[in-house]
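Text of the file coords.cif, holding mmCIF, C-alpha atoms:
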```cif
data_data
#
loop_
_atom_site.label_atom_id
_atom_site.label_comp_id
_atom_site.auth_asym_id
_atom_site.auth_seq_id
_atom_site.Cartn_x
_atom_site.Cartn_y
_atom_site.Cartn_z
CA MET X 130 42.62 -55.77 -7.57
CA LYS X 131 44.62 -52.56 -8.12
CA LYS X 132 43.36 -52.29 -11.70
CA LYS X 133 39.75 -52.72 -10.51
CA LYS X 134 40.25 -50.01 -7.88
CA LYS X 135 41.74 -47.65 -10.48
CA LYS X 136 38.84 -48.30 -12.86
CA TYR X 137 36.39 -47.71 -10.00
CA LYS X 138 38.09 -44.41 -9.09
CA ILE X 139 38.09 -43.27 -12.71
CA LYS X 140 34.37 -44.09 -13.02
CA MET X 141 33.60 -42.20 -9.79
CA ARG X 142 35.57 -39.18 -11.00
CA ARG X 143 33.59 -39.21 -14.24
CA VAL X 144 30.34 -39.42 -12.31
CA PHE X 145 31.34 -36.46 -10.12
CA VAL X 146 32.49 -34.44 -13.13
CA LEU X 147 29.26 -35.22 -14.98
CA PHE X 148 27.23 -34.32 -11.89
CA GLY X 149 29.12 -31.04 -11.59
CA VAL X 150 28.48 -30.22 -15.25
CA VAL X 151 24.76 -30.95 -14.87
CA VAL X 152 24.52 -28.77 -11.75
CA ALA X 153 26.39 -25.95 -13.52
CA VAL X 154 24.13 -26.15 -16.58
CA ILE X 155 20.99 -26.12 -14.42
CA GLY X 156 22.36 -23.14 -12.50
CA ILE X 157 23.13 -21.23 -15.69
CA VAL X 158 19.68 -21.98 -17.14
CA LEU X 159 17.93 -20.90 -13.95
CA PHE X 160 20.04 -17.75 -13.72
CA CYS X 161 19.41 -16.85 -17.36
CA ASN X 162 15.68 -17.44 -16.99
CA ARG X 163 15.59 -15.33 -13.85
CA ARG X 164 17.48 -12.52 -15.52
CA ARG X 165 15.55 -12.59 -18.79
CA LEU X 166 14.69 -9.07 -19.89
CA GLN X 167 10.97 -8.37 -19.83
CA VAL X 168 9.61 -7.42 -23.23
CA ILE X 169 6.26 -5.62 -23.39
CA THR X 170 4.46 -5.80 -26.73
CA VAL X 171 1.31 -4.28 -28.22
CA VAL X 172 -1.34 -6.99 -28.65
CA GLU X 173 -4.39 -4.95 -29.74
CA GLU X 174 -4.95 -1.52 -31.28
CA ILE X 175 -7.91 0.75 -31.87
CA GLY X 176 -6.29 2.42 -34.84
CA ASP X 177 -8.38 5.53 -35.47
CA TYR X 178 -8.09 6.52 -31.80
CA ASP X 179 -4.47 5.53 -31.01
CA TYR X 180 -5.52 3.32 -28.11
CA THR X 181 -3.36 0.25 -27.50
CA LEU X 182 -3.50 -2.86 -25.34
CA VAL X 183 -0.11 -4.14 -24.15
CA SER X 184 0.90 -7.66 -23.17
CA ASN X 185 1.27 -6.98 -19.42
CA ALA X 186 -2.14 -5.34 -18.97
CA THR X 187 -4.25 -6.67 -16.12
CA ARG X 188 -7.30 -8.84 -16.72
CA LEU X 189 -9.54 -5.98 -15.58
CA TYR X 190 -7.96 -3.54 -18.03
CA LYS X 191 -8.33 -6.05 -20.87
CA LYS X 192 -12.03 -6.42 -20.04
CA TYR X 193 -12.76 -2.69 -20.30
CA PHE X 194 -10.49 -2.28 -23.33
CA LYS X 195 -12.56 -4.90 -25.13
CA GLU X 196 -15.72 -2.95 -24.24
CA LEU X 197 -14.13 0.25 -25.55
CA GLN X 198 -13.14 -1.50 -28.78
CA GLU X 199 -16.70 -2.72 -29.30
CA GLU X 200 -18.17 0.70 -28.50
CA LEU X 201 -15.91 2.55 -30.95
CA GLU X 202 -16.55 0.03 -33.72
CA ASP X 203 -20.30 0.64 -33.42
CA ASN X 204 -21.90 2.75 -36.14
CA LYS X 205 -23.46 4.99 -33.50
CA ILE X 206 -21.18 5.63 -30.53
CA ASP X 207 -22.78 6.16 -27.13
CA GLU X 208 -20.61 9.04 -25.92
CA LYS X 209 -21.58 8.67 -22.26
CA HIS X 210 -20.50 5.04 -22.36
CA TYR X 211 -17.33 6.04 -24.21
CA ALA X 212 -16.51 8.67 -21.56
CA SER X 213 -17.20 6.16 -18.78
CA LEU X 214 -14.89 3.57 -20.33
CA ILE X 215 -11.91 5.88 -20.82
CA ALA X 216 -12.37 7.11 -17.23
CA GLN X 217 -12.29 3.51 -15.98
CA LEU X 218 -9.35 2.55 -18.19
CA PHE X 219 -7.36 5.59 -17.11
CA VAL X 220 -7.93 4.92 -13.41
CA ILE X 221 -7.10 1.21 -13.75
CA ASP X 222 -3.89 1.82 -15.70
CA TYR X 223 -2.68 4.85 -13.74
CA TYR X 224 -3.19 3.42 -10.26
CA THR X 225 -2.02 -0.11 -11.09
CA LEU X 226 1.70 0.13 -10.45
CA ASN X 227 2.65 -3.53 -9.97
CA ASN X 228 2.78 -4.21 -13.73
CA LYS X 229 4.94 -1.19 -14.57
CA VAL X 230 8.50 -2.07 -15.61
CA THR X 231 10.07 1.26 -14.56
CA ASN X 232 8.91 4.52 -13.02
CA GLN X 233 8.83 6.02 -16.52
CA ASN X 234 5.99 3.71 -17.64
CA ILE X 235 3.16 6.07 -16.66
CA GLY X 236 -0.27 4.50 -16.98
CA GLY X 237 -3.31 6.02 -18.67
CA VAL X 238 -1.45 8.66 -20.70
CA GLU X 239 -3.13 7.77 -24.00
CA PHE X 240 -6.51 8.88 -22.58
CA LEU X 241 -5.29 12.42 -21.83
CA HIS X 242 -5.61 15.47 -24.03
CA SER X 243 -2.50 15.56 -26.24
CA ASN X 244 -1.41 18.98 -24.90
CA LEU X 245 -1.28 17.64 -21.34
CA LYS X 246 0.67 14.42 -21.82
CA ASP X 247 4.23 15.71 -21.37
CA SER X 248 3.52 17.72 -18.21
CA PHE X 249 1.45 14.86 -16.79
CA ILE X 250 4.26 12.32 -17.35
CA ASN X 251 6.75 14.65 -15.70
CA SER X 252 4.48 15.23 -12.71
CA ALA X 253 3.61 11.55 -12.25
CA SER X 254 7.24 10.40 -12.47
CA ASN X 255 8.06 12.80 -9.63
CA THR X 256 5.11 11.89 -7.41
CA ILE X 257 3.10 8.65 -7.44
CA TYR X 258 5.58 6.82 -9.73
CA LYS X 259 8.75 8.25 -8.20
CA TYR X 260 9.60 5.30 -5.96
CA VAL X 261 8.55 2.47 -8.30
CA GLU X 262 11.59 0.20 -8.46
CA ASN X 263 13.04 -1.14 -11.71
CA ASN X 264 11.57 -4.49 -12.81
CA LEU X 265 13.35 -5.02 -16.11
CA TYR X 266 14.22 -8.61 -15.20
CA GLY X 267 11.02 -9.49 -13.32
CA ASP X 268 12.71 -9.80 -9.93
CA ARG X 269 11.20 -6.81 -8.10
CA LYS X 270 10.10 -7.52 -4.50
CA GLN X 271 8.40 -4.16 -3.90
CA GLN X 272 4.72 -4.21 -2.92
CA LEU X 273 2.72 -2.01 -5.29
CA PRO X 274 -0.99 -1.38 -5.86
CA GLU X 275 -3.24 -3.09 -8.39
CA VAL X 276 -6.75 -1.86 -9.14
CA LYS X 277 -9.28 -4.60 -8.46
CA ASP X 278 -12.23 -2.66 -9.88
CA ALA X 279 -13.15 0.83 -11.06
CA THR X 280 -16.89 1.57 -10.99
CA ILE X 281 -18.73 4.64 -12.23
CA SER X 282 -20.61 6.32 -9.39
CA SER X 283 -21.84 9.24 -11.51
CA ILE X 284 -21.52 10.81 -14.94
CA GLN X 285 -22.95 14.13 -16.05
CA GLU X 286 -22.75 16.40 -19.05
CA ILE X 287 -20.88 19.63 -18.38
CA GLN X 288 -19.85 22.87 -20.06
CA TYR X 289 -16.10 22.95 -19.60
CA GLN X 290 -14.10 26.17 -19.90
CA LYS X 291 -10.76 26.33 -18.15
CA ASN X 292 -7.06 26.76 -18.99
CA ASP X 293 -7.70 27.42 -22.72
CA TYR X 294 -9.87 24.30 -23.02
CA GLU X 295 -13.52 24.69 -23.93
CA ASP X 296 -16.32 22.25 -24.67
CA ASN X 297 -20.06 22.80 -24.27
CA CYS X 298 -20.68 19.05 -24.47
CA GLY X 299 -18.10 17.62 -22.07
CA TYR X 300 -18.49 15.06 -19.27
CA GLN X 301 -17.57 14.80 -15.63
CA VAL X 302 -17.12 11.23 -14.45
CA GLU X 303 -16.71 10.08 -10.86
CA VAL X 304 -14.99 6.71 -10.41
CA ASN X 305 -14.83 4.62 -7.25
CA VAL X 306 -11.60 2.63 -7.01
CA ASP X 307 -11.10 -0.71 -5.28
CA TYR X 308 -7.65 -2.27 -4.86
CA VAL X 309 -6.36 -5.82 -4.44
CA HIS X 310 -4.45 -4.58 -1.35
CA ASP X 311 -5.03 -1.30 0.45
CA TYR X 312 -1.90 0.86 0.26
CA GLN X 313 -3.77 4.12 0.91
CA TYR X 314 -4.13 5.18 -2.72
CA PRO X 315 -7.14 7.28 -3.87
CA ARG X 316 -10.53 5.57 -3.70
CA LYS X 317 -12.45 8.25 -5.56
CA VAL X 318 -11.31 10.00 -8.75
CA VAL X 319 -13.21 12.73 -10.64
CA LEU X 320 -12.32 13.26 -14.30
CA ASP X 321 -13.33 16.06 -16.65
CA ILE X 322 -13.48 14.90 -20.27
CA ILE X 323 -13.87 16.94 -23.45
CA HIS X 324 -13.72 16.43 -27.22
CA GLU X 325 -10.39 16.49 -29.06
CA GLY X 326 -10.89 15.81 -32.76
CA ASN X 327 -12.69 12.49 -33.12
CA LYS X 328 -11.80 11.46 -29.56
CA LEU X 329 -12.80 12.18 -26.01
CA ALA X 330 -9.85 13.21 -23.85
CA ILE X 331 -9.26 13.80 -20.14
CA VAL X 332 -8.33 17.39 -19.25
CA GLU X 333 -8.65 17.44 -15.47
CA ILE X 334 -8.16 14.88 -12.67
CA GLN X 335 -9.22 15.29 -9.05
CA SER X 336 -8.46 12.63 -6.44
#
```

Encoded form using structure tokens:
Amino acid sequence: MKKKKKKYKIKMRRVFVLFGVVVAVIGIVLFCNRRRLQVITVVEEIGDYDYTLVSNATRLYKKYFKELQEELEDNKIDEKHYASLIAQLFVIDYYTLNNKVTNQNIGGVEFLHSNLKDSFINSASNTIYKYVENNLYGDRKQQLPEVKDATISSIQEIQYQKNDYEDNCGYQVEVNVDYVHDYQYPRKVVLDIIHEGNKLAIVEIQS
């Protein structure tokens, strides 16, 4: 009887040890998965224009990026459509904060005139992006805006001459912005767009 009891105790100990190991392994796996560093990659490029599509872009952004890609691959580019698309893409990327990993990931920068990018990044990181919490491991709880749609309410040709920028064939585009949740972010954005080399580039933003 004593031998049977000892064998039973040994078996139970083994079961408890095995159970403990399984629980520990599951815990480690879950913890590692939860703490996995987010890696953002480039999935599409429009090479001649330096426009890129990244892996964490929203479905809406991907839709308009595809339209932009098709427009710029056409033999005869419709510049009004081109201007409209970069206005929409800028607004979607800039005002969608919930997919940004840190407050240094400023959206829409690639659609700006090259001379304005550095000052714009600095300004944005100290204003609208200032309080965006770190999400390097995908565990952020902060509620942040996502653009649901960006529609063109008007587009007109303009002669632009301001702050050393000049273009007799520029565009002014007004975009209406709709959000998934209303956090009191701008609902109307006006963008002035001019030529920079082979590209159109945003030089002024009013919201």

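Take the candidates X:Ile169, X:Ile281, X:Val306, X:Ile287 and check each one against X:Thr231 using only C-alpha atoms; the shortest distance goes to X:Ile169.
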
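One finds atom CA of X:Glu200 at 17.6 Å from atom CA of X:Thr280.
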
- Smallest atom-to-atom distance to X:Leu273: which of X:Asp321, X:Glu199, X:Glu174, X:Asp311, using all atoms listed in the file? X:Asp311

For the provided coordinates, the residues matched by the PyMOL selection byres ((chain X and resi 208) around 12) should be stated as an mmCIF file with C-alpha atoms, in the frame of the given file.
```
data_model
loop_
_atom_site.group_PDB
_atom_site.id
_atom_site.type_symbol
_atom_site.label_atom_id
_atom_site.label_comp_id
_atom_site.auth_asym_id
_atom_site.auth_seq_id
_atom_site.Cartn_x
_atom_site.Cartn_y
_atom_site.Cartn_z
ATOM 1 C CA LEU X 197 -14.130 0.250 -25.550
ATOM 2 C CA GLU X 200 -18.170 0.700 -28.500
ATOM 3 C CA LEU X 201 -15.910 2.550 -30.950
ATOM 4 C CA ASP X 203 -20.300 0.640 -33.420
ATOM 5 C CA LYS X 205 -23.460 4.990 -33.500
ATOM 6 C CA ILE X 206 -21.180 5.630 -30.530
ATOM 7 C CA ASP X 207 -22.780 6.160 -27.130
ATOM 8 C CA LYS X 209 -21.580 8.670 -22.260
ATOM 9 C CA HIS X 210 -20.500 5.040 -22.360
ATOM 10 C CA TYR X 211 -17.330 6.040 -24.210
ATOM 11 C CA ALA X 212 -16.510 8.670 -21.560
ATOM 12 C CA SER X 213 -17.200 6.160 -18.780
ATOM 13 C CA LEU X 214 -14.890 3.570 -20.330
ATOM 14 C CA ILE X 215 -11.910 5.880 -20.820
ATOM 15 C CA ILE X 284 -21.520 10.810 -14.940
ATOM 16 C CA GLN X 285 -22.950 14.130 -16.050
ATOM 17 C CA GLU X 286 -22.750 16.400 -19.050
ATOM 18 C CA CYS X 298 -20.680 19.050 -24.470
ATOM 19 C CA GLY X 299 -18.100 17.620 -22.070
ATOM 20 C CA TYR X 300 -18.490 15.060 -19.270
ATOM 21 C CA ILE X 322 -13.480 14.900 -20.270
ATOM 22 C CA ILE X 323 -13.870 16.940 -23.450
ATOM 23 C CA HIS X 324 -13.720 16.430 -27.220
ATOM 24 C CA ASN X 327 -12.690 12.490 -33.120
ATOM 25 C CA LYS X 328 -11.800 11.460 -29.560
ATOM 26 C CA LEU X 329 -12.800 12.180 -26.010
ATOM 27 C CA ALA X 330 -9.850 13.210 -23.850
#
```

- Note on the structure: Taken to one decimal, the atom CA of X:Tyr258-atom CA of X:Asn232 distance is 5.2 Å

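The spacing separating atom CA of X:Ser254 from atom CA of X:Ile235 amounts to 7.3 Å.
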
- Could you expand the PyMOL selection byres ((chain X and resi 172) around 6) into the explicit residues it covers here, written as a PyMOL selection string? chain X and resi 171+173+182-184

Each residue of stretch 288-314 of chain X lying at most 12 Å from stretch 242-245 of chain X should get a row with its shortest atom-to-atom pair and the distance in Å to one decimal, counting only C-alpha atoms; could you produce that, ordered by chain and increasing number, as CSV?
```
residue,atom,partner,partner_atom,distance
X:Asn292,CA,X:Leu245,CA,11.1
X:Asp293,CA,X:Asn244,CA,10.7
X:Tyr294,CA,X:His242,CA,9.9
```

- Item | Reference answer for the PyMOL selection byres ((chain X and resi 261) around 10), as JSON, numbers by chain | {"X": [226, 227, 229, 230, 231, 232, 233, 234, 254, 257, 258, 259, 260, 262, 263, 264, 269, 271, 272, 273]}

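For the choices X:Lys291, X:Lys277, X:Lys317, X:Arg188, the atom-to-atom distance to X:Glu303 is smallest for X:Lys317 when using only C-alpha atoms.
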
- Message: With 8 Å as the threshold, what does the neighbourhood of (-3.2, 11.6, -3.9) contain in terms of residues, counting all atoms listed in the file? Coordinates are those of the file; answer as a PyMOL selection string.
- Response: chain X and resi 257+314-315+336

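Nearest residue to X:Gln290, choosing from X:Ile250, X:Val332, X:Leu189, X:Val319 and counting only C-alpha atoms: X:Val332.
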
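With all atoms listed in the file as the atoms that count, the minimum distance from X:Tyr193 to the choices X:Gln167, X:Ala279, X:Lys246, X:Ala253 is reached by X:Ala279.
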
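Minimum atom-to-atom distance to X:Val276, evaluated using all atoms listed in the file, belongs to X:Thr225 out of X:Gln288, X:Thr256, X:Gln335, X:Thr225.
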